[in-house]
Structures are given as structure tokens and as C-alpha cells.
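Reviewing the structure listed below.
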Amino acid sequence: MLPSDPDALVEAALGGDRRALARILTAVENRTPTAEAALRRLYPKAGTAHLVGITGPPGSGKSTLVSAIIATVREGGRAVAVVAVDPSSPITGGALLGDRVRMQSYAGDADVFIRSMAARGHAGGLAPTSTAAAAVLDACGFDLILLETVGTGQSEVEVAAAADTTVVLEAPEMGDEIQASKAGLLEVADIVVVNKGDRPGAGRTASQLRAMLVGSVRAGRVREEAKDDRPRPKEPEVLVTTATTGDGVPELVAALERHREGRPSGADDPARRARAAAQVWSILGDRLRAELEGGTRRIATAAVLDAVAEHALDPFAAADRLLASLRTTDG
Amino acid sequence: MTDVRAAPARPLKVLIAKPGLDGHDRGAKVLARGLRDEGFEVVYTGLRQTPDMVVTAALQEDVDVVGLSILSGAHMTLVPKVCRLLREQGMDDVLVVVGGIIPDDDVAALKEAGVAATFGPGTTIGEVAEFLRSNARPRG
Ligand code: B12
Ligand SMILES: Nc1nc2c(ncn2[C@@H]2O[C@H](COP(=O)(O)OP(=O)(O)O)[C@@H](O)[C@H]2O)c(=O)[nH]1
Ligand SMILES: [Mg+2]
């Protein structure tokens, strides 16, 4: 039986017990107190893995490519983990997690760990807990962590904040779609991959993308549109792969390495800084809310919310009042 | 990751696997989609899984339920193997159910091996969902 004590679970997971690792990931997904206790111990041990986001339209071959990357990377001996996210039904909360179908299970290889996650209502292509899950895998010694997004489209730029390196997949001969994705996904790409290189038009699509992406960066458009400190694309490399045969995948793995090595370390890395901020603000939001909705403040907080509902108070004044109430010692 | 009350009601997580060389995947797919629509998080493995692959997936995904779909007649060798491997991994608290073409005469032996229930042709999604909700022990 698995220990239920978080410290014992963490010890076991760090010692290579994959079931303990899996159970910690469950706690993280379910946001239980065990998750917080485990993350407090694991976070300081994380930070060395290369987090690679894989995004792109459904059917472009993300899962197949992930599987091909695992095969190539394992030849070099590095431990690889995958977090593959699929959508949750907004109505039932259920999810069909099918990415494993395309990924060989690598059963018997303890250095490959594949985990499916339901998005659980979170938009943006990842689950709300994907970053925390990646930190757990990182602490447990996985050197490369691949985050496969839901793949619903242009809104999935969030992956760029969650990953060190963002790979955007395109399928060949999608002329119109390429124009459409220009404004979204392609802007966050560190590497653009035209997959299904065995299909006609792959080479032409890659040339079009190269011309377009280099042009937009030279014109400075991408940079000027940056609204926050999310990592901005340089001139993304455009590669062609055939995930089903592995063609072009060693070149992709080499490009990932180059991008990893070209990055600043620690807090100087804008992606890491953005990821740190996102995590802290999210926890802080949860804590503020717990403070305001709990204990002696509960009734006063409810009264402020009622006042906003009745338009007796505007939401900004309400927020100011709730913040002020936190400064009083007795609530 | 901190406020427990912010957490949604957690869905049961079910692995639907097709062990062996059996190519009949209609039932498994019907079941996977149906259980999703019943609010389960369903991991589907696809065809041609060895017992080792099924158990690896169950372990990494930390599922509450392992559902095996077998129409090939190979259930008497495949199912006990999966159950034994699950036990070896300490996963005896995972609920195992089997569906497909399972002759009545084999059911007792499968239950002996660790299977909680079997479901044949004509099974409704509602029946399966109800059984899993009342019998699965949620993780951790
Ligand atoms: C359709 C079918 C095919 C299709 C399969 C298409 C596909 N992609 O699935 C094709 C034509 C390809 C096919 C081929 C063959 N078939 Co065929 N096939 C059938 C048939 C007519 C229906 C199966 C089906 O899809 N039912 C509809 C689905 C929705 O029902 P289901 O799978 O039973 O699933 C339900 C329940 O069983 C249960 N369930 C199923 N899985 C699970 C899992 C869990 C966890 C739970 C809780 C419940 C559950 O819930 C589901 C919903 O009600 C059956 C006969 C029959 N009446 O069952 C024969 C049958 C299964 N086939 C049979 C055979 C022999 C073959 C072939 C070997 C024929 C040949 N000689 O070439 C090949 C083998 C193919 C292969 N690679 O494995 C035999 C198997 C005999 C046996 N087991 O002893 C059967 C029983 C026919 C017979 N009476 O002889 N087949
Ligand atoms: N011809 C061809 N098909 C591919 C290639 N990569 C993936 N596919 C197929 O495309 C389909 C979707 O692949 P999948 O990996 O599930 O895409 P995802 O939805 O982006 O994860 C599957 O049928 C794959 O076999 C490729 O390089 N060439
Ligand atoms: Mg996929």
C-alpha cells in the first residue's frame, strides 16, 4: 500500500517509486492538502528540467510527435516525462484522454513517464495544475518534460508561459489556416514544426512559414505587440518532421537543445520569471479568498458581495473595502 | 493548489484498455465516450496492449478503475495476468472490470482472479457507470 503521509510519499517518489509519483500527481490535480505539502518539499528540488510545450491544431500529430521525441531522446539515455492534456466536458466534467493511443507505452522503461490530464474547465490548452505537475516530474529526475496541449486553437498561447521552449505544429497545405494562426500560436513559437512531412506540400508550407515568420520579426511587429513579459519569439526555426517514421525528429531534438542552451538562467529567463509569477499570484488569489470567505470575515464579505449584486456598491470599491478589512486584526 | 474548497468534485478516473491482438474496438470506444459523458475521466489506450503496458498505464495514470475489453476469447489468459501484475505493483485497491464476449462459464474463474464484474453485449453505459460509482474506491 502507498503511504498517505505526504512526506513519506515524497521520499518514495524521490527514491524512484513511480506509483508514489503518480499519486502525488493525482493530489496535485485534485488540489488536496497533500499536494501543497508535497510541492513545498519538491519545488526546491525542481528547476533543472527542460520544459517543452507542444501545441498545434487537433490531428496535426502532437501525440505522435511526442512519442517520436521520446524514442530519440531515450537513445541518449535522458529520462522523459509527458503531461498530455485533453478537454473536459463543461457539462458533465468528464473527459476522454486519448493521447496515449499514439504514444507507445514504453512499459518496462522506468525513465519514461506518461500522464494524461483533463483540462478541468481551464481554457488555454493546459490544465490549471499542469505547471505544478511539471515541477513534480522535474524534482523526480525527469530531464525533459513534454507538455502536450489540448489543441483547440489560437487561444493556447498560455503554453508559452508554462514551457521553456514552445513548439508549434502545423500540418502541410493549410494555407488559410497559416494566415489565421499568424496572430496567435505562431507568435509564441520558439520552433515551428511542419509535421506530416510525407504528405505533399510539406516543403512548400515550411518555405512559406519561414518567409512569413522571418519577415514579421524583422518588421518588429511581434515585439511591439508584446503586452507582458511573456517570452517573445526570436526568429523561430522552421523544421519538417514525419512523426510516424521519425524523419526529422533528431533534428528537432537538436533544435530543442540549442534553444535550451541559448536561454538565460534562473530569474533572468523571462519564461521562468513569468511562470513563477503566475504560480504565486494564483496561490495568493486562493489564499486571499480563503481569508475573506472564512472565519470571522465570512459574514462581512458576503454583505459586501450582496451590495455589489444590488448595485449599491461598485466592484472596485468592494475590492478596496475587502482589502482594507484584511488589514484589521480582528477581521 | 492550496485552497481545497476551490477544487471541483473530483471525477473517477478509468482506464479502458484492449489487451491482446483483438481488433474489436467498437465496444471499448462506445464505452470510453459513454463514460466521459457520465462524468468520468477516461484514459483510452488503444488496441494491442500487452498486460505489462496496461498495468504501466494504470500505474502512471493512477486510475481508480481498470476496464478491459476483450472479444477475442483470450480473456482467460490475459485477464489473470493483468490482475497478477496489478497486485505485484501493490495496486490491489484498483477495481478491475471486464467486458466483451465472456462466456458465463468463465465468470467465476475471472472473479477468482480479481475481477469485480463482467459485462457482455447489450450492456448499457448507465449500468456500467452505476457499478463503477458504487464500487470504485477513489484514490488517496
Ligand atoms: C463487429 C464485429 C466485428 C468487426 C469489428 C469492427 C471493430 N472495429 O470493432 C470485424 C468485421 C472487423 C470483426 C472481425 C472479426 N471478428 Co468479429 N464481431 C463483430 C460483432 C458482430 C459485433 C461486435 C461489436 O462491435 N459489437 C458492438 C459493441 C458496441 O458491443 P461490444 O463490443 O460487445 O461491447 C459492449 C459490451 O460487450 C460491453 N463491453 C465491451 N467492452 C467492455 C469493457 C468494459 C470495461 C466494460 C465495463 C464493458 C464492455 O459494453 C459494450 C456496450 O454494450 C461480434 C458478434 C457480437 N454480436 O458481439 C463479432 C465477434 C466478436 N467476432 C468474432 C470473430 C471470430 C471475428 C474474427 C476473428 C473473424 C475472422 N475469422 O476473421 C475477426 C477478428 C478481427 C480482429 N482483428 O480481432 C467472434 C468472436 C468469437 C469468440 N470470442 O469466441 C464474434 C463473437 C462473432 C461470433 N459469434 O463468432 N468482427
Ligand atoms: N502521414 C502522417 N500521419 C501522421 C503523422 N503524424 C501523425 N500522423 C497521424 O495523424 C493523426 C493524428 O495524430 P495525433 O498524434 O493523434 O495528433 P494530435 O491530435 O495533434 O495529438 C494520426 O492518425 C496519426 O497517425 C505524420 O508525420 N505523417
Ligand atoms: Mg494528441
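By order in the C-alpha cells, chains are A, B, ...; within a chain, residues start at 1; ligands start at 1, following the order shown.
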
Residues of chain B in strand (DSSP E or B), written as a PyMOL selection string | chain B and resi 13-17+19+41-44+49+65-70+95-100+117-119

Shell of 10 Å around Val159 (chain A), only C-alpha atoms, local chain residues under 2 positions omitted, as a PyMOL selection string | chain A and resi 52-55+124-126+130-131+147-149+155-157+161-167+185+188-189

Would you give me, as a PyMOL selection string, the residues of chain B that come within 10 Å of chain A, using only C-alpha atoms?
-> chain B and resi 1-15+17+32-47+49-63+89-93+139-140

Using CA of Ala119 (chain A) and CA of Ala278 (chain A) as the two end points, give the distance in Å to one decimal.
->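 Answer for the CA of Ala119 (chain A) to CA of Ala278 (chain A) separation: 17.2 Å.
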
Go through the chains and note each residue within 12 Å of ligand 2, using only C-alpha atoms and all ligand atoms, then give the set as a ChimeraX atom specification.
-> /A:54-69,84-87,97-104,147-153,168-172,193-200,202,240-249 /B:46
